[in-house]
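Next comes run_34.txt, with compact mmCIF, N, CA and C atoms and all ligand atoms.
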# COMPACT_ATOMS: atom_id res chain seq x y z
N MET A 640 111.11 39.20 -48.18
CA MET A 640 111.28 37.87 -47.57
C MET A 640 111.41 36.81 -48.66
N THR A 641 112.41 35.93 -48.50
CA THR A 641 112.48 34.79 -49.39
C THR A 641 112.22 33.53 -48.57
N ASP A 642 111.66 32.53 -49.19
CA ASP A 642 111.26 31.31 -48.49
C ASP A 642 112.45 30.54 -47.96
N THR A 643 113.61 30.70 -48.60
CA THR A 643 114.75 29.86 -48.26
C THR A 643 115.78 30.56 -47.38
N CYS A 644 115.62 31.83 -47.14
CA CYS A 644 116.65 32.59 -46.42
C CYS A 644 116.47 32.46 -44.91
N ILE A 645 117.49 31.93 -44.23
CA ILE A 645 117.41 31.71 -42.79
C ILE A 645 117.25 33.03 -42.04
N PHE A 646 117.90 34.10 -42.51
CA PHE A 646 117.78 35.38 -41.79
C PHE A 646 116.40 36.00 -42.00
N CYS A 647 115.81 35.82 -43.18
CA CYS A 647 114.42 36.26 -43.37
C CYS A 647 113.50 35.53 -42.40
N LYS A 648 113.77 34.24 -42.17
CA LYS A 648 112.93 33.47 -41.24
C LYS A 648 113.11 33.93 -39.81
N ILE A 649 114.33 34.35 -39.46
CA ILE A 649 114.55 34.91 -38.11
C ILE A 649 113.81 36.24 -37.99
N VAL A 650 113.90 37.08 -39.02
CA VAL A 650 113.21 38.37 -38.99
C VAL A 650 111.70 38.18 -38.82
N SER A 651 111.15 37.16 -39.48
CA SER A 651 109.70 36.94 -39.43
C SER A 651 109.27 36.05 -38.27
N ASN A 652 110.24 35.67 -37.41
CA ASN A 652 109.96 34.81 -36.24
C ASN A 652 109.59 33.38 -36.61
N ASP A 653 109.87 32.96 -37.84
CA ASP A 653 109.62 31.57 -38.20
C ASP A 653 110.75 30.66 -37.75
N VAL A 654 111.91 31.24 -37.46
CA VAL A 654 113.04 30.51 -36.87
C VAL A 654 113.46 31.27 -35.62
N THR A 655 113.74 30.52 -34.56
CA THR A 655 114.09 31.13 -33.28
C THR A 655 115.54 31.61 -33.28
N ALA A 656 115.75 32.76 -32.69
CA ALA A 656 117.11 33.27 -32.44
C ALA A 656 117.02 34.13 -31.19
N THR A 657 118.19 34.41 -30.62
CA THR A 657 118.22 35.30 -29.46
C THR A 657 118.26 36.73 -29.98
N ILE A 658 117.07 37.31 -30.09
CA ILE A 658 116.92 38.66 -30.63
C ILE A 658 117.30 39.67 -29.55
N VAL A 659 118.18 40.59 -29.89
CA VAL A 659 118.58 41.61 -28.92
C VAL A 659 118.03 42.99 -29.29
N TYR A 660 117.57 43.16 -30.51
CA TYR A 660 117.01 44.44 -30.92
C TYR A 660 116.17 44.22 -32.18
N ARG A 661 115.11 45.00 -32.27
CA ARG A 661 114.27 44.92 -33.47
C ARG A 661 113.54 46.25 -33.66
N ASP A 662 113.48 46.74 -34.86
CA ASP A 662 112.60 47.86 -35.19
C ASP A 662 112.05 47.65 -36.60
N GLU A 663 111.49 48.68 -37.18
CA GLU A 663 110.80 48.48 -38.47
C GLU A 663 111.78 48.27 -39.63
N GLN A 664 113.06 48.56 -39.40
CA GLN A 664 114.03 48.44 -40.49
C GLN A 664 115.05 47.32 -40.29
N ALA A 665 115.33 46.99 -39.04
CA ALA A 665 116.46 46.09 -38.76
C ALA A 665 116.15 45.15 -37.60
N THR A 666 116.86 44.03 -37.60
CA THR A 666 116.78 43.06 -36.50
C THR A 666 118.20 42.66 -36.13
N ALA A 667 118.45 42.51 -34.83
CA ALA A 667 119.77 42.09 -34.36
C ALA A 667 119.61 40.88 -33.45
N PHE A 668 120.46 39.90 -33.65
CA PHE A 668 120.37 38.66 -32.87
C PHE A 668 121.75 38.08 -32.69
N ARG A 669 121.91 37.22 -31.68
CA ARG A 669 123.22 36.64 -31.39
C ARG A 669 123.58 35.56 -32.41
N ASP A 670 124.84 35.59 -32.83
CA ASP A 670 125.32 34.60 -33.80
C ASP A 670 125.28 33.21 -33.16
N ILE A 671 124.90 32.24 -33.95
CA ILE A 671 124.77 30.87 -33.45
C ILE A 671 126.15 30.26 -33.13
N HIS A 672 127.19 30.76 -33.77
CA HIS A 672 128.56 30.30 -33.52
C HIS A 672 129.42 31.50 -33.13
N PRO A 673 129.29 31.97 -31.89
CA PRO A 673 129.99 33.21 -31.52
C PRO A 673 131.51 33.09 -31.62
N ALA A 674 132.13 34.11 -32.21
CA ALA A 674 133.58 34.16 -32.36
C ALA A 674 134.24 34.93 -31.23
N ALA A 675 133.43 35.51 -30.34
CA ALA A 675 133.94 36.33 -29.24
C ALA A 675 132.80 36.45 -28.22
N PRO A 676 133.08 36.98 -27.01
CA PRO A 676 132.02 37.09 -25.99
C PRO A 676 130.78 37.82 -26.50
N THR A 677 130.97 38.88 -27.27
CA THR A 677 129.84 39.52 -27.96
C THR A 677 129.96 39.23 -29.44
N HIS A 678 128.93 38.63 -30.01
CA HIS A 678 128.89 38.40 -31.45
C HIS A 678 127.42 38.50 -31.87
N ILE A 679 127.09 39.66 -32.39
CA ILE A 679 125.71 39.96 -32.77
C ILE A 679 125.66 40.20 -34.27
N LEU A 680 124.61 39.71 -34.90
CA LEU A 680 124.38 39.96 -36.33
C LEU A 680 123.27 41.00 -36.46
N ILE A 681 123.52 42.04 -37.25
CA ILE A 681 122.54 43.10 -37.47
C ILE A 681 122.15 43.02 -38.94
N VAL A 682 120.87 42.80 -39.18
CA VAL A 682 120.41 42.55 -40.55
C VAL A 682 119.29 43.51 -40.92
N PRO A 683 119.19 43.91 -42.18
CA PRO A 683 118.00 44.64 -42.63
C PRO A 683 116.81 43.68 -42.63
N ASN A 684 115.62 44.19 -42.29
CA ASN A 684 114.44 43.32 -42.31
C ASN A 684 114.09 42.91 -43.73
N LYS A 685 114.38 43.78 -44.69
CA LYS A 685 114.10 43.39 -46.08
C LYS A 685 115.29 42.59 -46.61
N HIS A 686 114.99 41.66 -47.49
CA HIS A 686 116.04 40.79 -48.01
C HIS A 686 116.91 41.55 -49.02
N ILE A 687 118.19 41.68 -48.67
CA ILE A 687 119.21 42.20 -49.59
C ILE A 687 120.32 41.16 -49.58
N GLU A 688 120.66 40.65 -50.74
CA GLU A 688 121.55 39.49 -50.79
C GLU A 688 122.94 39.80 -50.23
N SER A 689 123.49 40.92 -50.61
CA SER A 689 124.84 41.27 -50.15
C SER A 689 125.08 42.74 -50.47
N VAL A 690 126.26 43.23 -50.13
CA VAL A 690 126.64 44.60 -50.49
C VAL A 690 126.50 44.80 -52.00
N ASN A 691 126.78 43.77 -52.77
CA ASN A 691 126.69 43.87 -54.24
C ASN A 691 125.29 44.25 -54.72
N ALA A 692 124.28 43.93 -53.93
CA ALA A 692 122.89 44.16 -54.36
C ALA A 692 122.33 45.50 -53.88
N LEU A 693 123.15 46.29 -53.18
CA LEU A 693 122.66 47.56 -52.63
C LEU A 693 122.28 48.54 -53.74
N GLN A 694 121.21 49.28 -53.47
CA GLN A 694 120.74 50.34 -54.36
C GLN A 694 120.90 51.67 -53.64
N ALA A 695 120.86 52.75 -54.40
CA ALA A 695 120.98 54.08 -53.80
C ALA A 695 119.92 54.29 -52.73
N GLU A 696 118.74 53.72 -52.94
CA GLU A 696 117.64 53.90 -51.97
C GLU A 696 117.93 53.21 -50.63
N ASP A 697 118.95 52.36 -50.57
CA ASP A 697 119.29 51.64 -49.33
C ASP A 697 120.27 52.41 -48.45
N GLU A 698 120.71 53.58 -48.89
CA GLU A 698 121.78 54.28 -48.15
C GLU A 698 121.36 54.64 -46.72
N GLN A 699 120.13 55.07 -46.54
CA GLN A 699 119.66 55.40 -45.18
C GLN A 699 119.62 54.13 -44.33
N LEU A 700 119.17 53.04 -44.92
CA LEU A 700 119.08 51.76 -44.20
C LEU A 700 120.47 51.30 -43.74
N ILE A 701 121.45 51.43 -44.59
CA ILE A 701 122.81 51.00 -44.22
C ILE A 701 123.35 51.86 -43.08
N GLY A 702 123.07 53.16 -43.13
CA GLY A 702 123.44 54.01 -42.01
C GLY A 702 122.75 53.57 -40.73
N HIS A 703 121.51 53.15 -40.85
CA HIS A 703 120.75 52.69 -39.68
C HIS A 703 121.38 51.43 -39.09
N LEU A 704 121.88 50.54 -39.94
CA LEU A 704 122.55 49.33 -39.42
C LEU A 704 123.76 49.72 -38.57
N PHE A 705 124.50 50.74 -39.01
CA PHE A 705 125.69 51.17 -38.27
C PHE A 705 125.32 51.87 -36.96
N THR A 706 124.30 52.71 -36.97
CA THR A 706 123.93 53.37 -35.71
C THR A 706 123.34 52.35 -34.74
N THR A 707 122.67 51.33 -35.28
CA THR A 707 122.19 50.24 -34.42
C THR A 707 123.37 49.50 -33.82
N ALA A 708 124.40 49.25 -34.62
CA ALA A 708 125.60 48.58 -34.11
C ALA A 708 126.24 49.39 -32.98
N ALA A 709 126.32 50.69 -33.18
CA ALA A 709 126.93 51.55 -32.15
C ALA A 709 126.12 51.49 -30.85
N ARG A 710 124.79 51.52 -30.97
CA ARG A 710 123.96 51.46 -29.76
C ARG A 710 124.11 50.12 -29.06
N LEU A 711 124.13 49.05 -29.83
CA LEU A 711 124.27 47.72 -29.23
C LEU A 711 125.64 47.54 -28.58
N ALA A 712 126.68 48.10 -29.21
CA ALA A 712 128.03 48.02 -28.62
C ALA A 712 128.03 48.69 -27.25
N LYS A 713 127.33 49.80 -27.14
CA LYS A 713 127.23 50.50 -25.85
C LYS A 713 126.47 49.62 -24.85
N GLU A 714 125.36 49.07 -25.28
CA GLU A 714 124.56 48.22 -24.39
C GLU A 714 125.34 47.00 -23.92
N GLU A 715 126.20 46.49 -24.79
CA GLU A 715 127.01 45.30 -24.45
C GLU A 715 128.22 45.67 -23.61
N GLY A 716 128.48 46.98 -23.48
CA GLY A 716 129.62 47.45 -22.68
C GLY A 716 130.96 47.27 -23.37
N ILE A 717 130.95 47.26 -24.71
CA ILE A 717 132.20 47.06 -25.45
C ILE A 717 132.60 48.30 -26.24
N ASP A 718 131.83 49.37 -26.11
CA ASP A 718 132.10 50.55 -26.95
C ASP A 718 133.42 51.23 -26.58
N ARG A 719 133.75 51.27 -25.30
CA ARG A 719 134.96 52.02 -24.90
C ARG A 719 136.24 51.28 -25.29
N LYS A 720 136.24 49.97 -25.12
CA LYS A 720 137.46 49.21 -25.46
C LYS A 720 137.54 48.91 -26.95
N GLY A 721 136.39 48.89 -27.60
CA GLY A 721 136.39 48.71 -29.05
C GLY A 721 135.85 47.37 -29.50
N TYR A 722 135.65 47.29 -30.78
CA TYR A 722 135.01 46.11 -31.37
C TYR A 722 135.26 46.12 -32.86
N ARG A 723 134.80 45.07 -33.51
CA ARG A 723 134.99 44.98 -34.96
C ARG A 723 133.62 44.81 -35.63
N LEU A 724 133.43 45.53 -36.73
CA LEU A 724 132.24 45.36 -37.57
C LEU A 724 132.70 44.76 -38.90
N ILE A 725 132.06 43.67 -39.29
CA ILE A 725 132.48 42.95 -40.49
C ILE A 725 131.25 42.70 -41.37
N THR A 726 131.42 42.91 -42.66
CA THR A 726 130.39 42.50 -43.63
C THR A 726 131.08 41.68 -44.71
N ASN A 727 130.96 40.39 -44.60
CA ASN A 727 131.53 39.51 -45.62
C ASN A 727 130.67 39.58 -46.87
N THR A 728 131.33 39.60 -48.02
CA THR A 728 130.61 39.73 -49.29
C THR A 728 131.10 38.70 -50.29
N GLY A 729 130.19 37.82 -50.71
CA GLY A 729 130.52 36.82 -51.72
C GLY A 729 131.40 35.70 -51.18
N ILE A 730 131.68 34.76 -52.05
CA ILE A 730 132.41 33.56 -51.67
C ILE A 730 133.81 33.90 -51.17
N ASP A 731 134.55 34.70 -51.93
CA ASP A 731 135.90 35.05 -51.50
C ASP A 731 135.89 35.89 -50.23
N GLY A 732 134.81 36.62 -49.99
CA GLY A 732 134.69 37.40 -48.77
C GLY A 732 134.31 36.58 -47.56
N GLY A 733 133.99 35.31 -47.77
CA GLY A 733 133.63 34.43 -46.65
C GLY A 733 132.15 34.47 -46.29
N GLN A 734 131.31 35.04 -47.17
CA GLN A 734 129.88 35.11 -46.88
C GLN A 734 129.26 33.72 -47.02
N THR A 735 128.53 33.31 -45.98
CA THR A 735 127.86 32.00 -46.02
C THR A 735 126.35 32.13 -45.99
N VAL A 736 125.84 33.25 -45.47
CA VAL A 736 124.40 33.51 -45.49
C VAL A 736 124.17 34.72 -46.38
N PHE A 737 123.41 34.51 -47.44
CA PHE A 737 123.28 35.55 -48.47
C PHE A 737 122.07 36.46 -48.20
N HIS A 738 122.13 37.04 -47.01
CA HIS A 738 121.24 38.14 -46.59
C HIS A 738 122.17 39.09 -45.86
N LEU A 739 122.35 40.27 -46.42
CA LEU A 739 123.31 41.24 -45.91
C LEU A 739 123.27 41.32 -44.38
N HIS A 740 124.45 41.34 -43.75
CA HIS A 740 124.49 41.47 -42.28
C HIS A 740 125.80 42.08 -41.84
N LEU A 741 125.72 42.78 -40.72
CA LEU A 741 126.91 43.26 -40.03
C LEU A 741 127.18 42.33 -38.87
N HIS A 742 128.42 41.85 -38.75
CA HIS A 742 128.84 41.16 -37.54
C HIS A 742 129.36 42.22 -36.56
N LEU A 743 128.83 42.26 -35.37
CA LEU A 743 129.35 43.10 -34.28
C LEU A 743 130.06 42.16 -33.32
N ILE A 744 131.39 42.27 -33.28
CA ILE A 744 132.21 41.30 -32.54
C ILE A 744 133.08 42.06 -31.55
N GLY A 745 133.03 41.63 -30.29
CA GLY A 745 133.86 42.31 -29.29
C GLY A 745 133.87 41.56 -27.96
N GLY A 746 134.45 42.23 -26.99
CA GLY A 746 134.58 41.61 -25.67
C GLY A 746 135.93 40.93 -25.47
N GLN A 747 136.76 41.01 -26.47
CA GLN A 747 138.12 40.49 -26.38
C GLN A 747 138.97 41.23 -27.42
N ARG A 748 140.28 41.19 -27.25
CA ARG A 748 141.17 41.84 -28.22
C ARG A 748 141.18 41.02 -29.50
N MET A 749 140.93 41.66 -30.63
CA MET A 749 140.93 40.95 -31.91
C MET A 749 142.37 40.61 -32.31
N ARG A 750 142.61 39.38 -32.66
CA ARG A 750 143.96 38.95 -32.98
C ARG A 750 144.10 38.46 -34.42
N HIS A 751 143.01 37.93 -34.97
CA HIS A 751 143.16 37.34 -36.30
C HIS A 751 143.36 38.43 -37.35
N PRO A 752 144.15 38.14 -38.36
CA PRO A 752 144.43 39.15 -39.39
C PRO A 752 143.21 39.43 -40.25
N MET A 753 143.27 40.48 -41.00
CA MET A 753 142.14 40.88 -41.83
C MET A 753 141.99 39.97 -43.05
N GLY A 754 143.08 39.41 -43.53
CA GLY A 754 143.00 38.67 -44.79
C GLY A 754 143.04 37.18 -44.63
P1 LIG B 1 128.79 35.05 -42.92
O1 LIG B 1 129.79 33.94 -42.98
O2 LIG B 1 129.42 36.44 -42.87
O3 LIG B 1 127.75 34.93 -44.00
O4 LIG B 1 128.09 34.89 -41.50
C1 LIG B 1 126.94 34.13 -41.29
C2 LIG B 1 126.81 33.96 -39.80
O5 LIG B 1 125.48 33.57 -39.53
C3 LIG B 1 127.72 32.89 -39.20
O6 LIG B 1 128.62 33.51 -38.26
C4 LIG B 1 126.78 31.94 -38.48
C5 LIG B 1 125.48 32.70 -38.42
N1 LIG B 1 124.31 31.87 -38.56
C6 LIG B 1 124.04 31.02 -39.59
N2 LIG B 1 122.84 30.43 -39.39
C7 LIG B 1 122.35 30.96 -38.24
C8 LIG B 1 121.14 30.75 -37.53
O7 LIG B 1 120.26 29.98 -37.89
N3 LIG B 1 120.96 31.46 -36.37
C9 LIG B 1 121.91 32.35 -35.92
N4 LIG B 1 121.65 32.99 -34.77
N5 LIG B 1 123.07 32.57 -36.58
C10 LIG B 1 123.27 31.88 -37.72
Output the file's structure as structure tokens, nothing else.
Amino acid sequence: MTDTCIFCKIVSNDVTATIVYRDEQATAFRDIHPAAPTHILIVPNKHIESVNALQAEDEQLIGHLFTTAARLAKEEGIDRKGYRLITNTGIDGGQTVFHLHLHLIGGQRMRHPMG
């Protein structure tokens, strides 16, 4: 946990968010500025700044974020039609919150280009 990280504060319940899932490794909550009908952020409970900061010991945790995304997609009813998982990394990647997260976005056909 860092004192200044908004996602750490959501994980610790110091800042309110619409939490949709939580366990000992990860927390998932609705994005404050949804880009689609379903827009959920899945974050590790421990502070990891970005993909750049990942260590070999985090490999199981990253897999857990993806299986959590798959379960939430099913719960949201978007698994059959599909969805997009995004992890922005660094300034050029469009990252604005420097606590690693997966965006789970769906409920509509994705139209915007990748780049
Ligand atoms: P990124 O640009 O990939 O770092 O995405 C950060 C996302 O986090 C962005 O879509 C907006 C969302 N966000 C930022 N602050 C908050 C917050 O306080 N609460 C919630 N629920 N989402 C937030």
Which centre and which edge lengths, in Å to one decimal, describe the axis-aligned box that holds all listed atoms of region 697-709 of chain A after 6 Å is added on each side, as lines of an AutoDock Vina configuration file?
center_x = 122.9
center_y = 52.0
center_z = -40.7
size_x = 20.0
size_y = 18.8
size_z = 31.7
Non-local contacts of Arg669 (chain A) (6 Å; all atoms listed in the file; under 4 positions in same chain excluded) as a compact mmCIF listing (two decimals) with N, CA and C atoms, in the frame of the given file:
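What ended up in result37.txt:
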# COMPACT_ATOMS: atom_id res chain seq x y z
N ALA A 656 115.75 32.76 -32.69
CA ALA A 656 117.11 33.27 -32.44
C ALA A 656 117.02 34.13 -31.19
N THR A 657 118.19 34.41 -30.62
CA THR A 657 118.22 35.30 -29.46
C THR A 657 118.26 36.73 -29.98
N ILE A 658 117.07 37.31 -30.09
CA ILE A 658 116.92 38.66 -30.63
C ILE A 658 117.30 39.67 -29.55
N VAL A 659 118.18 40.59 -29.89
CA VAL A 659 118.58 41.61 -28.92
C VAL A 659 118.03 42.99 -29.29
N HIS A 678 128.93 38.63 -30.01
CA HIS A 678 128.89 38.40 -31.45
C HIS A 678 127.42 38.50 -31.87
N ILE A 679 127.09 39.66 -32.39
CA ILE A 679 125.71 39.96 -32.77
C ILE A 679 125.66 40.20 -34.27
N LEU A 680 124.61 39.71 -34.90
CA LEU A 680 124.38 39.96 -36.33
C LEU A 680 123.27 41.00 -36.46
Which of region 652-749 of chain A DSSP labels helix (DSSP H, G or I), written as a ChimeraX atom specification: /A:690-692,695-715
Protein and nucleic residues near ligand LIG 1 (chain B), 8 Å, all atoms listed in the file, as a ChimeraX atom specification: /A:645-646,649,654-658,668-674,680,725-729,732-742
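Across the model, the gap from atom N of Ser651 (chain A) to atom C of Glu714 (chain A) is 23.2 Å.
Rounded to one decimal, atom N of Ile744 (chain A) and atom C of Thr677 (chain A) lie 5.1 Å from each other.
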Pairwise distance for atom N of Asp731 (chain A) and CA of Leu693 (chain A), rounded to one decimal in Å: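 Those two atoms sit 17.5 Å apart.
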Selected residue of minimal separation from Gly702 (chain A) among A:Gln664, A:Thr643, A:Asn652, A:Gln747, counting only C-alpha atoms: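 Closest residue, counting only C-alpha atoms: A:Gln664.
Restricting the calculation to all atoms listed in the file, the smallest distance between Ile717 (chain A) and any of A:Glu688, A:Pro752, A:Asp662, A:Gly745 is found for A:Gly745.
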Residue among A:Arg719, A:His703, A:Lys713, A:Lys648 lying closest to Ala665 (chain A), counting only N, CA and C atoms: A:His703
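Of the listed residues (A:Glu698, A:His751, A:Pro676, A:Lys685), A:Lys685 comes nearest to Val650 (chain A); the distances count only N, CA and C atoms.
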Residue among A:Asp653, A:Glu663, A:Ile730, A:Leu711 lying closest to Ser689 (chain A), counting only C-alpha atoms: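 Result for the nearest residue to Ser689 (chain A): A:Ile730.
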